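J.: The file below is run_29.pdb, PDB, C-alpha atoms, pLDDT in the B column:
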```pdb
ATOM      1  CA  MET A   1     111.063  61.202  96.013  1.00 87.00           C
ATOM      2  CA  GLN A   2     109.166  59.548  98.831  1.00 90.00           C
ATOM      3  CA  ILE A   3     109.649  60.781 102.410  1.00 90.00           C
ATOM      4  CA  GLU A   4     108.963  58.237 105.126  1.00 90.00           C
ATOM      5  CA  THR A   5     108.411  59.653 108.603  1.00 89.00           C
ATOM      6  CA  GLY A   6     111.149  58.772 111.073  1.00 91.00           C
ATOM      7  CA  THR A   7     113.854  58.056 108.491  1.00 94.00           C
ATOM      8  CA  GLU A   8     117.117  59.930 108.036  1.00 93.00           C
ATOM      9  CA  THR A   9     115.699  61.462 104.855  1.00 92.00           C
ATOM     10  CA  ASP A  10     112.746  62.752 106.840  1.00 92.00           C
ATOM     11  CA  SER A  11     115.091  64.174 109.466  1.00 92.00           C
ATOM     12  CA  ASP A  12     117.130  65.939 106.787  1.00 93.00           C
ATOM     13  CA  HIS A  13     113.941  67.249 105.160  1.00 94.00           C
ATOM     14  CA  CYS A  14     112.868  68.694 108.519  1.00 92.00           C
ATOM     15  CA  LYS A  15     116.248  70.398 108.823  1.00 92.00           C
ATOM     16  CA  ALA A  16     115.737  71.850 105.338  1.00 94.00           C
ATOM     17  CA  ILE A  17     112.311  73.154 106.417  1.00 94.00           C
ATOM     18  CA  THR A  18     113.869  74.775 109.480  1.00 92.00           C
ATOM     19  CA  HIS A  19     116.619  76.303 107.359  1.00 93.00           C
ATOM     20  CA  GLU A  20     114.067  77.733 104.934  1.00 95.00           C
ATOM     21  CA  TYR A  21     112.074  79.183 107.800  1.00 94.00           C
ATOM     22  CA  TYR A  22     115.185  80.887 109.176  1.00 93.00           C
ATOM     23  CA  LYS A  23     115.903  82.363 105.745  1.00 95.00           C
ATOM     24  CA  CYS A  24     112.306  83.611 105.658  1.00 96.00           C
ATOM     25  CA  ARG A  25     112.715  85.113 109.129  1.00 94.00           C
ATOM     26  CA  ASP A  26     115.970  86.832 108.155  1.00 95.00           C
ATOM     27  CA  ALA A  27     114.342  88.320 105.053  1.00 96.00           C
ATOM     28  CA  PHE A  28     111.368  89.562 107.058  1.00 96.00           C
ATOM     29  CA  GLU A  29     113.642  91.208 109.620  1.00 95.00           C
ATOM     30  CA  ARG A  30     115.599  92.948 106.857  1.00 95.00           C
ATOM     31  CA  PHE A  31     112.317  94.181 105.420  1.00 95.00           C
ATOM     32  CA  ARG A  32     111.043  95.343 108.812  1.00 94.00           C
ATOM     33  CA  VAL A  33     114.183  97.336 109.566  1.00 92.00           C
ATOM     34  CA  THR A  34     114.228  98.882 106.089  1.00 90.00           C
ATOM     35  CA  ALA A  35     110.522  99.741 106.234  1.00 87.00           C
ATOM     36  CA  GLU A  36     111.011 101.410 109.605  1.00 85.00           C
ATOM     37  CA  GLY A  37     113.773 103.475 108.024  1.00 77.00           C
ATOM     38  CA  ILE A  38     111.369 104.621 105.305  1.00 79.00           C
ATOM     39  CA  ILE A  39     108.784 105.607 107.911  1.00 77.00           C
ATOM     40  CA  LEU A  40     111.239 107.436 110.185  1.00 74.00           C
ATOM     41  CA  SER A  41     113.274 109.206 107.528  1.00 76.00           C
ATOM     42  CA  GLU A  42     112.913 110.648 104.081  1.00 72.00           C
ATOM     43  CA  GLN A  43     112.173 108.018 101.450  1.00 74.00           C
ATOM     44  CA  ASN A  44     114.608 107.677  98.567  1.00 84.00           C
ATOM     45  CA  LYS A  45     115.130 105.324  95.643  1.00 88.00           C
ATOM     46  CA  GLU A  46     117.886 103.285  97.302  1.00 88.00           C
ATOM     47  CA  ILE A  47     115.931 102.631 100.506  1.00 87.00           C
ATOM     48  CA  SER A  48     112.857 101.671  98.463  1.00 89.00           C
ATOM     49  CA  TYR A  49     115.043  99.333  96.398  1.00 92.00           C
ATOM     50  CA  ARG A  50     116.303  97.619  99.563  1.00 92.00           C
ATOM     51  CA  ALA A  51     112.777  97.263 100.936  1.00 93.00           C
ATOM     52  CA  TYR A  52     111.592  95.770  97.639  1.00 93.00           C
ATOM     53  CA  ASN A  53     114.439  93.256  97.644  1.00 95.00           C
ATOM     54  CA  ALA A  54     113.907  92.256 101.263  1.00 96.00           C
ATOM     55  CA  TYR A  55     110.175  91.720 100.733  1.00 97.00           C
ATOM     56  CA  SER A  56     110.896  89.747  97.561  1.00 97.00           C
ATOM     57  CA  TYR A  57     113.150  87.408  99.541  1.00 97.00           C
ATOM     58  CA  PHE A  58     110.499  87.126 102.251  1.00 98.00           C
ATOM     59  CA  ILE A  59     107.866  86.051  99.710  1.00 97.00           C
ATOM     60  CA  HIS A  60     110.248  83.588  98.089  1.00 97.00           C
ATOM     61  CA  HIS A  61     111.362  81.882 101.285  1.00 97.00           C
ATOM     62  CA  LEU A  62     107.865  81.815 102.799  1.00 97.00           C
ATOM     63  CA  TYR A  63     106.544  80.095  99.668  1.00 97.00           C
ATOM     64  CA  GLU A  64     109.380  77.550  99.678  1.00 96.00           C
ATOM     65  CA  PHE A  65     108.924  76.941 103.402  1.00 96.00           C
ATOM     66  CA  LEU A  66     105.209  76.217 102.999  1.00 97.00           C
ATOM     67  CA  MET A  67     105.789  73.947 100.004  1.00 97.00           C
ATOM     68  CA  ALA A  68     108.411  71.989 101.977  1.00 96.00           C
ATOM     69  CA  CYS A  69     105.898  71.532 104.805  1.00 95.00           C
ATOM     70  CA  HIS A  70     103.327  70.213 102.341  1.00 95.00           C
ATOM     71  CA  ALA A  71     105.910  67.867 100.841  1.00 95.00           C
ATOM     72  CA  ARG A  72     106.467  66.321 104.264  1.00 93.00           C
ATOM     73  CA  ASP A  73     102.714  66.059 104.880  1.00 93.00           C
ATOM     74  CA  ALA A  74     102.348  64.305 101.515  1.00 93.00           C
ATOM     75  CA  GLY A  75     105.369  62.080 102.102  1.00 93.00           C
ATOM     76  CA  ASN A  76     106.581  63.100  98.663  1.00 91.00           C
ATOM     77  CA  THR A  77     109.033  65.828  97.650  1.00 90.00           C
ATOM     78  CA  SER A  78     106.887  66.393  94.551  1.00 92.00           C
ATOM     79  CA  ILE A  79     103.827  66.846  96.808  1.00 94.00           C
ATOM     80  CA  THR A  80     101.472  65.565  94.109  1.00 89.00           C
ATOM     81  CA  ASN A  81     101.525  63.388  90.998  1.00 89.00           C
ATOM     82  CA  LYS A  82      99.457  65.978  89.121  1.00 91.00           C
ATOM     83  CA  ARG A  83     101.102  67.685  86.147  1.00 92.00           C
ATOM     84  CA  GLY A  84     100.889  70.995  84.296  1.00 95.00           C
ATOM     85  CA  LEU A  85      97.990  73.328  85.042  1.00 94.00           C
ATOM     86  CA  GLU A  86      96.330  70.749  87.271  1.00 96.00           C
ATOM     87  CA  ARG A  87      99.456  70.685  89.440  1.00 95.00           C
ATOM     88  CA  THR A  88      99.758  74.454  89.794  1.00 96.00           C
ATOM     89  CA  GLU A  89      96.058  74.806  90.614  1.00 96.00           C
ATOM     90  CA  TYR A  90      96.410  72.101  93.271  1.00 96.00           C
ATOM     91  CA  LEU A  91      99.428  73.811  94.871  1.00 97.00           C
ATOM     92  CA  ASP A  92      97.613  77.158  94.765  1.00 97.00           C
ATOM     93  CA  SER A  93      94.666  75.567  96.584  1.00 97.00           C
ATOM     94  CA  LEU A  94      96.977  74.302  99.337  1.00 97.00           C
ATOM     95  CA  LEU A  95      98.118  77.856 100.021  1.00 97.00           C
ATOM     96  CA  ILE A  96      94.525  79.085 100.205  1.00 98.00           C
ATOM     97  CA  GLU A  97      93.770  76.294 102.696  1.00 97.00           C
ATOM     98  CA  ASP A  98      96.843  77.274 104.732  1.00 97.00           C
ATOM     99  CA  VAL A  99      95.862  80.898 105.103  1.00 97.00           C
ATOM    100  CA  HIS A 100      92.198  80.040 105.704  1.00 97.00           C
ATOM    101  CA  ARG A 101      93.275  77.751 108.545  1.00 96.00           C
ATOM    102  CA  VAL A 102      95.521  80.293 110.300  1.00 96.00           C
ATOM    103  CA  VAL A 103      92.974  83.109 110.041  1.00 97.00           C
ATOM    104  CA  ASN A 104      90.197  80.948 111.462  1.00 97.00           C
ATOM    105  CA  ALA A 105      92.494  79.659 114.209  1.00 96.00           C
ATOM    106  CA  ARG A 106      93.064  83.249 115.335  1.00 96.00           C
ATOM    107  CA  ILE A 107      89.316  83.922 115.303  1.00 97.00           C
ATOM    108  CA  ASP A 108      88.571  80.731 117.247  1.00 97.00           C
ATOM    109  CA  ARG A 109      91.237  81.532 119.853  1.00 95.00           C
ATOM    110  CA  ILE A 110      89.786  84.997 120.439  1.00 96.00           C
ATOM    111  CA  ASN A 111      86.220  83.693 120.656  1.00 96.00           C
ATOM    112  CA  ARG A 112      87.299  81.054 123.196  1.00 96.00           C
ATOM    113  CA  GLY A 113      88.941  83.715 125.318  1.00 94.00           C
ATOM    114  CA  ASP A 114      92.386  82.130 124.891  1.00 94.00           C
ATOM    115  CA  ALA A 115      94.019  85.000 123.006  1.00 92.00           C
ATOM    116  CA  PRO A 116      96.729  87.094 124.706  1.00 91.00           C
ATOM    117  CA  ASP A 117      95.934  90.662 125.765  1.00 90.00           C
ATOM    118  CA  TRP A 118      97.884  92.153 122.866  1.00 91.00           C
ATOM    119  CA  GLU A 119      95.880  90.281 120.214  1.00 92.00           C
ATOM    120  CA  ASN A 120      93.982  92.268 117.603  1.00 93.00           C
ATOM    121  CA  ASP A 121      90.205  92.515 117.825  1.00 95.00           C
ATOM    122  CA  VAL A 122      88.368  89.625 116.198  1.00 96.00           C
ATOM    123  CA  SER A 123      87.021  92.012 113.565  1.00 97.00           C
ATOM    124  CA  HIS A 124      90.559  92.412 112.205  1.00 96.00           C
ATOM    125  CA  TYR A 125      90.748  88.725 111.314  1.00 97.00           C
ATOM    126  CA  GLU A 126      87.133  88.494 110.186  1.00 97.00           C
ATOM    127  CA  GLY A 127      88.026  91.266 107.739  1.00 97.00           C
ATOM    128  CA  LEU A 128      90.600  88.952 106.133  1.00 97.00           C
ATOM    129  CA  LEU A 129      87.826  86.544 105.108  1.00 97.00           C
ATOM    130  CA  PRO A 130      86.914  85.280 102.645  1.00 96.00           C
ATOM    131  CA  ILE A 131      90.404  84.534 101.339  1.00 97.00           C
ATOM    132  CA  PRO A 132      90.675  85.980  97.803  1.00 97.00           C
ATOM    133  CA  GLU A 133      90.372  83.205  95.213  1.00 96.00           C
ATOM    134  CA  GLU A 134      93.507  84.454  93.454  1.00 97.00           C
ATOM    135  CA  PHE A 135      95.669  84.388  96.607  1.00 98.00           C
ATOM    136  CA  GLY A 136      97.492  81.135  95.774  1.00 98.00           C
ATOM    137  CA  LYS A 137      98.090  82.074  92.162  1.00 97.00           C
ATOM    138  CA  ASP A 138      99.279  85.602  92.980  1.00 97.00           C
ATOM    139  CA  PHE A 139     101.574  84.299  95.725  1.00 98.00           C
ATOM    140  CA  ARG A 140     103.133  81.834  93.273  1.00 96.00           C
ATOM    141  CA  VAL A 141     103.467  84.346  90.427  1.00 95.00           C
ATOM    142  CA  TYR A 142     105.023  87.050  92.585  1.00 95.00           C
ATOM    143  CA  ARG A 143     107.340  84.518  94.200  1.00 95.00           C
ATOM    144  CA  ASN A 144     108.562  83.602  90.715  1.00 92.00           C
ATOM    145  CA  LYS A 145     108.682  87.006  89.045  1.00 91.00           C
ATOM    146  CA  VAL A 146     109.828  89.513  91.662  1.00 92.00           C
ATOM    147  CA  LEU A 147     112.841  87.425  92.643  1.00 88.00           C
ATOM    148  CA  GLY A 148     113.335  84.279  90.608  1.00 80.00           C
ATOM    149  CA  HIS A 149     113.103  85.511  87.018  1.00 80.00           C
ATOM    150  CA  ALA A 150     114.607  88.712  85.618  1.00 83.00           C
ATOM    151  CA  SER A 151     111.952  89.684  83.079  1.00 84.00           C
ATOM    152  CA  PHE A 152     110.002  92.712  81.904  1.00 87.00           C
ATOM    153  CA  GLU A 153     106.950  91.571  83.898  1.00 85.00           C
ATOM    154  CA  ARG A 154     108.711  92.551  87.114  1.00 88.00           C
ATOM    155  CA  ILE A 155     108.875  96.146  85.924  1.00 87.00           C
ATOM    156  CA  SER A 156     105.800  96.637  83.767  1.00 87.00           C
ATOM    157  CA  GLU A 157     103.153  94.129  84.899  1.00 90.00           C
ATOM    158  CA  LEU A 158     103.685  93.338  88.585  1.00 91.00           C
ATOM    159  CA  ASN A 159     103.212  95.821  91.399  1.00 95.00           C
ATOM    160  CA  LEU A 160     104.713  94.615  94.672  1.00 95.00           C
ATOM    161  CA  THR A 161     103.194  97.565  96.532  1.00 94.00           C
ATOM    162  CA  GLU A 162      99.678  96.487  95.550  1.00 96.00           C
ATOM    163  CA  PHE A 163     100.519  92.868  96.368  1.00 97.00           C
ATOM    164  CA  TYR A 164     101.693  93.984  99.816  1.00 97.00           C
ATOM    165  CA  LYS A 165      98.535  96.003 100.471  1.00 97.00           C
ATOM    166  CA  LYS A 166      96.287  93.139  99.409  1.00 97.00           C
ATOM    167  CA  TYR A 167      98.009  90.158 101.021  1.00 98.00           C
ATOM    168  CA  HIS A 168     100.537  91.178 103.655  1.00 98.00           C
ATOM    169  CA  GLN A 169      98.260  90.409 106.596  1.00 97.00           C
ATOM    170  CA  HIS A 170      97.623  86.929 105.213  1.00 98.00           C
ATOM    171  CA  LEU A 171     101.316  86.293 104.585  1.00 98.00           C
ATOM    172  CA  TYR A 172     102.288  87.577 108.011  1.00 97.00           C
ATOM    173  CA  LEU A 173      99.936  85.126 109.722  1.00 96.00           C
ATOM    174  CA  LEU A 174     101.392  82.259 107.687  1.00 96.00           C
ATOM    175  CA  TYR A 175     104.891  83.388 108.648  1.00 96.00           C
ATOM    176  CA  ARG A 176     104.053  83.682 112.347  1.00 93.00           C
ATOM    177  CA  ASP A 177     101.663  80.818 112.927  1.00 93.00           C
ATOM    178  CA  VAL A 178     102.910  78.065 110.607  1.00 92.00           C
ATOM    179  CA  GLY A 179     106.481  78.987 111.474  1.00 85.00           C
ATOM    180  CA  GLU A 180     105.901  78.639 115.215  1.00 78.00           C
ATOM    181  CA  MET A 181     107.103  75.035 115.447  1.00 73.00           C
ATOM    182  CA  TRP A 182     109.936  75.436 112.946  1.00 75.00           C
ATOM    183  CA  GLY A 183     112.113  77.917 114.745  1.00 63.00           C
ATOM    184  CA  ARG A 184     110.433  81.162 115.740  1.00 60.00           C
ATOM    185  CA  ALA A 185     110.389  80.354 119.455  1.00 61.00           C
ATOM    186  CA  ARG A 186     113.619  78.301 119.720  1.00 67.00           C
ATOM    187  CA  GLU A 187     115.871  79.218 122.617  1.00 72.00           C
ATOM    188  CA  GLU A 188     119.038  78.076 120.862  1.00 81.00           C
ATOM    189  CA  PHE A 189     120.061  77.819 117.247  1.00 84.00           C
ATOM    190  CA  PRO A 190     119.491  74.327 115.762  1.00 84.00           C
ATOM    191  CA  CYS A 191     122.101  72.049 114.212  1.00 85.00           C
ATOM    192  CA  LEU A 192     121.462  71.923 110.456  1.00 89.00           C
ATOM    193  CA  LYS A 193     124.356  69.687 109.380  1.00 88.00           C
ATOM    194  CA  ASP A 194     126.346  71.280 106.554  1.00 87.00           C
ATOM    195  CA  VAL A 195     124.362  74.514 106.808  1.00 87.00           C
ATOM    196  CA  THR A 196     125.616  75.228 110.321  1.00 84.00           C
ATOM    197  CA  ASN A 197     128.990  73.568 109.664  1.00 86.00           C
ATOM    198  CA  PHE A 198     129.702  75.849 106.720  1.00 82.00           C
ATOM    199  CA  PHE A 199     133.295  77.138 106.771  1.00 78.00           C
ATOM    200  CA  GLU A 200     134.150  74.762 109.619  1.00 73.00           C
ATOM    201  CA  ALA A 201     137.164  73.389 107.735  1.00 63.00           C
ATOM    202  CA  ILE A 202     138.429  76.882 106.958  1.00 70.00           C
ATOM    203  CA  ALA A 203     137.994  78.007 110.551  1.00 70.00           C
ATOM    204  CA  ASN A 204     140.004  75.009 111.778  1.00 70.00           C
ATOM    205  CA  GLU A 205     142.897  75.986 109.518  1.00 66.00           C
ATOM    206  CA  THR A 206     143.355  79.389 111.132  1.00 56.00           C
TER     207      THR A 206
END
```
Any chance you could give the structure as C-alpha cells?

T.:
Amino acid sequence: MQIETGTETDSDHCKAITHEYYKCRDAFERFRVTAEGIILSEQNKEISYRAYNAYSYFIHHLYEFLMACHARDAGNTSITNKRGLERTEYLDSLLIEDVHRVVNARIDRINRGDAPDWENDVSHYEGLLPIPEEFGKDFRVYRNKVLGHASFERISELNLTEFYKKYHQHLYLLYRDVGEMWGRAREEFPCLKDVTNFFEAIANET
C-alpha cells in the first residue's frame, strides 16, 4: 500500500511507528530491570528466562519499528517491490545502513566537540566498525526465531547470549538514536487513537 506524506494514512502510520517504539522501549526497560536483578542477586533459571523473553521482545519491536520507518521513507508499506531472496537481502542491507549511520553520527559528533560530557570515548564507537556483514541477516533471523516462531532452532541452533555479545551495542544505538524523534524524549504521552483509547468504553460504564 502506498503512503503519501501528509495524508491521514501517513498520520496513522506515524502513530503506528510511535506505538512500536513505545513497545520497544517497554521491552528494553523490562530487560534492563531483569538484567540488573541478575547482576545484583544470585542468577537462577526463572530470572534468566525473564531476561531472555524481555530481550526477545526488544529485538522484535526494534526490528518492526525500523521496518516501519523504512516503509514511510519508501512511501510504501511493502518498502520494496523486490521478492524472495532479493527482498530479504535488500531489507538486511537497510539495517546495515541504519547502524552504520548511527555509529558514524556518534563519531562525527565527538570529533566536532559537540558530544555531551558523559559520552563514551570515540574509540568505543570506532570499535563497532566495520559493521559485520551478517548483522542484517542475524537481526532478522533472531527476530523471527527467538520470539515469532516456536521451533527447535530456538533451542538448539540459536544462542541469544552470543547474539547479545556481538550486536547489543549496535542495537542499543539504533534504539536510542533512531528512536529519538519517535517518543524517547516526549514530555507527555501521545494520542494513538484506538491504542490509547483502549478500554475507554468499559471505563465509561463503571

J.: From the options A:Leu158, A:Ala51, A:Val33, A:Leu91, which residue's atoms come nearest to Ala74 (chain A), counting all atoms listed in the file?

T.: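 Looking at the shortest contact to Ala74 (chain A), the residue is A:Leu91.
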
J.: Quote the spacing between CA of Ile39 (chain A) and CA of Ala27 (chain A) in Å to one decimal place.

T.: 18.4 Å

J.: With the PyMOL selection byres ((chain A and resi 56) around 10) as the selection, what would be picked from this file? Answer as a list of chain:residue names, please.

T.: A:Ala27, A:Phe28, A:Phe31, A:Arg50, A:Ala51, A:Tyr52, A:Asn53, A:Ala54, A:Tyr55, A:Tyr57, A:Phe58, A:Ile59, A:His60, A:His61, A:Leu62, A:Tyr142, A:Arg143, A:Asn144, A:Lys145, A:Val146, A:Leu147, A:Gly148, A:Leu160

J.: Could you please give me, as a ChimeraX atom specification, the residues of protein, DNA or RNA lying at most 12 Å from (98.8, 74.8, 94.2) in the coordinate frame of the file, considering all atoms listed in the file?

T.: /A:63,66-67,70-71,78-80,82-98,133-141

J.: Can you write just those residues out, C-alpha atoms, as a short mmCIF file (atom, residue, chain, number, x, y, z; two decimals), keeping the file's coordinate frame?

T.:
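The file below, out31.cif, is the result:
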```cif
data_model
loop_
_atom_site.label_atom_id
_atom_site.label_comp_id
_atom_site.auth_asym_id
_atom_site.auth_seq_id
_atom_site.Cartn_x
_atom_site.Cartn_y
_atom_site.Cartn_z
CA TYR A 63 106.54 80.10 99.67
CA LEU A 66 105.21 76.22 103.00
CA MET A 67 105.79 73.95 100.00
CA HIS A 70 103.33 70.21 102.34
CA ALA A 71 105.91 67.87 100.84
CA SER A 78 106.89 66.39 94.55
CA ILE A 79 103.83 66.85 96.81
CA THR A 80 101.47 65.56 94.11
CA LYS A 82 99.46 65.98 89.12
CA ARG A 83 101.10 67.68 86.15
CA GLY A 84 100.89 71.00 84.30
CA LEU A 85 97.99 73.33 85.04
CA GLU A 86 96.33 70.75 87.27
CA ARG A 87 99.46 70.68 89.44
CA THR A 88 99.76 74.45 89.79
CA GLU A 89 96.06 74.81 90.61
CA TYR A 90 96.41 72.10 93.27
CA LEU A 91 99.43 73.81 94.87
CA ASP A 92 97.61 77.16 94.76
CA SER A 93 94.67 75.57 96.58
CA LEU A 94 96.98 74.30 99.34
CA LEU A 95 98.12 77.86 100.02
CA ILE A 96 94.52 79.08 100.20
CA GLU A 97 93.77 76.29 102.70
CA ASP A 98 96.84 77.27 104.73
CA GLU A 133 90.37 83.20 95.21
CA GLU A 134 93.51 84.45 93.45
CA PHE A 135 95.67 84.39 96.61
CA GLY A 136 97.49 81.14 95.77
CA LYS A 137 98.09 82.07 92.16
CA ASP A 138 99.28 85.60 92.98
CA PHE A 139 101.57 84.30 95.72
CA ARG A 140 103.13 81.83 93.27
CA VAL A 141 103.47 84.35 90.43
#
```

J.: Can you list what the PyMOL selection byres ((chain A and resi 169-180) around 9) grabs from this structure, as a PDB file with C-alpha atoms, in the frame of the given file?

T.:
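Produced file selection01.pdb, reproduced below:
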```
ATOM      1  CA  THR A  18     113.869  74.775 109.480  1.00 92.00           C
ATOM      2  CA  TYR A  21     112.074  79.183 107.800  1.00 94.00           C
ATOM      3  CA  CYS A  24     112.306  83.611 105.658  1.00 96.00           C
ATOM      4  CA  ARG A  25     112.715  85.113 109.129  1.00 94.00           C
ATOM      5  CA  ILE A  59     107.866  86.051  99.710  1.00 97.00           C
ATOM      6  CA  LEU A  62     107.865  81.815 102.799  1.00 97.00           C
ATOM      7  CA  PHE A  65     108.924  76.941 103.402  1.00 96.00           C
ATOM      8  CA  LEU A  66     105.209  76.217 102.999  1.00 97.00           C
ATOM      9  CA  ASP A  98      96.843  77.274 104.732  1.00 97.00           C
ATOM     10  CA  VAL A  99      95.862  80.898 105.103  1.00 97.00           C
ATOM     11  CA  HIS A 100      92.198  80.040 105.704  1.00 97.00           C
ATOM     12  CA  VAL A 102      95.521  80.293 110.300  1.00 96.00           C
ATOM     13  CA  VAL A 103      92.974  83.109 110.041  1.00 97.00           C
ATOM     14  CA  LEU A 128      90.600  88.952 106.133  1.00 97.00           C
ATOM     15  CA  ILE A 131      90.404  84.534 101.339  1.00 97.00           C
ATOM     16  CA  TYR A 164     101.693  93.984  99.816  1.00 97.00           C
ATOM     17  CA  LYS A 165      98.535  96.003 100.471  1.00 97.00           C
ATOM     18  CA  LYS A 166      96.287  93.139  99.409  1.00 97.00           C
ATOM     19  CA  TYR A 167      98.009  90.158 101.021  1.00 98.00           C
ATOM     20  CA  HIS A 168     100.537  91.178 103.655  1.00 98.00           C
ATOM     21  CA  MET A 181     107.103  75.035 115.447  1.00 73.00           C
ATOM     22  CA  TRP A 182     109.936  75.436 112.946  1.00 75.00           C
ATOM     23  CA  GLY A 183     112.113  77.917 114.745  1.00 63.00           C
ATOM     24  CA  ARG A 184     110.433  81.162 115.740  1.00 60.00           C
ATOM     25  CA  ALA A 185     110.389  80.354 119.455  1.00 61.00           C
ATOM     26  CA  ARG A 186     113.619  78.301 119.720  1.00 67.00           C
TER      27      ARG A 186
END
```

J.: What gap, in Å, lies between CA of Glu126 (chain A) and CA of Asp114 (chain A)?

T.: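 It comes out at 16.9 Å.
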
J.: Tell me which protein, DNA and RNA residues are within 12 Å of Ser11 (chain A), counting all atoms listed in the file, leaving out same-chain ones fewer than 5 positions away, and put them as a PyMOL selection string.

T.: chain A and resi 3-6+16-18+72+191-193

J.: If I wrap all listed atoms of region 74-89 of chain A in a box with edges along x, y and z and add 4 Å on each side, what are its centre and edge lengths in Å to one decimal, as JSON?

T.:
```
{"center_x": 102.5, "center_y": 68.4, "center_z": 93.2, "size_x": 21.0, "size_y": 20.7, "size_z": 25.8}
```

J.: Could you state the separation of CA of Glu36 (chain A) and CA of Phe163 (chain A) in Å, given to one decimal place?

T.: 18.9 Å

J.: Which is closest to Thr77 (chain A) among A:Val122, A:Ala35, A:Cys14, A:Ile107, if we use all atoms listed in the file?

T.: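 Ranking A:Val122, A:Ala35, A:Cys14, A:Ile107 by distance to Thr77 (chain A), first place goes to A:Cys14.
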
J.: Find, counting only C-alpha atoms, the residue in A:Thr196, A:Asn204, A:Asn120, A:Asn44 that gets nearest to His19 (chain A).

T.: A:Thr196
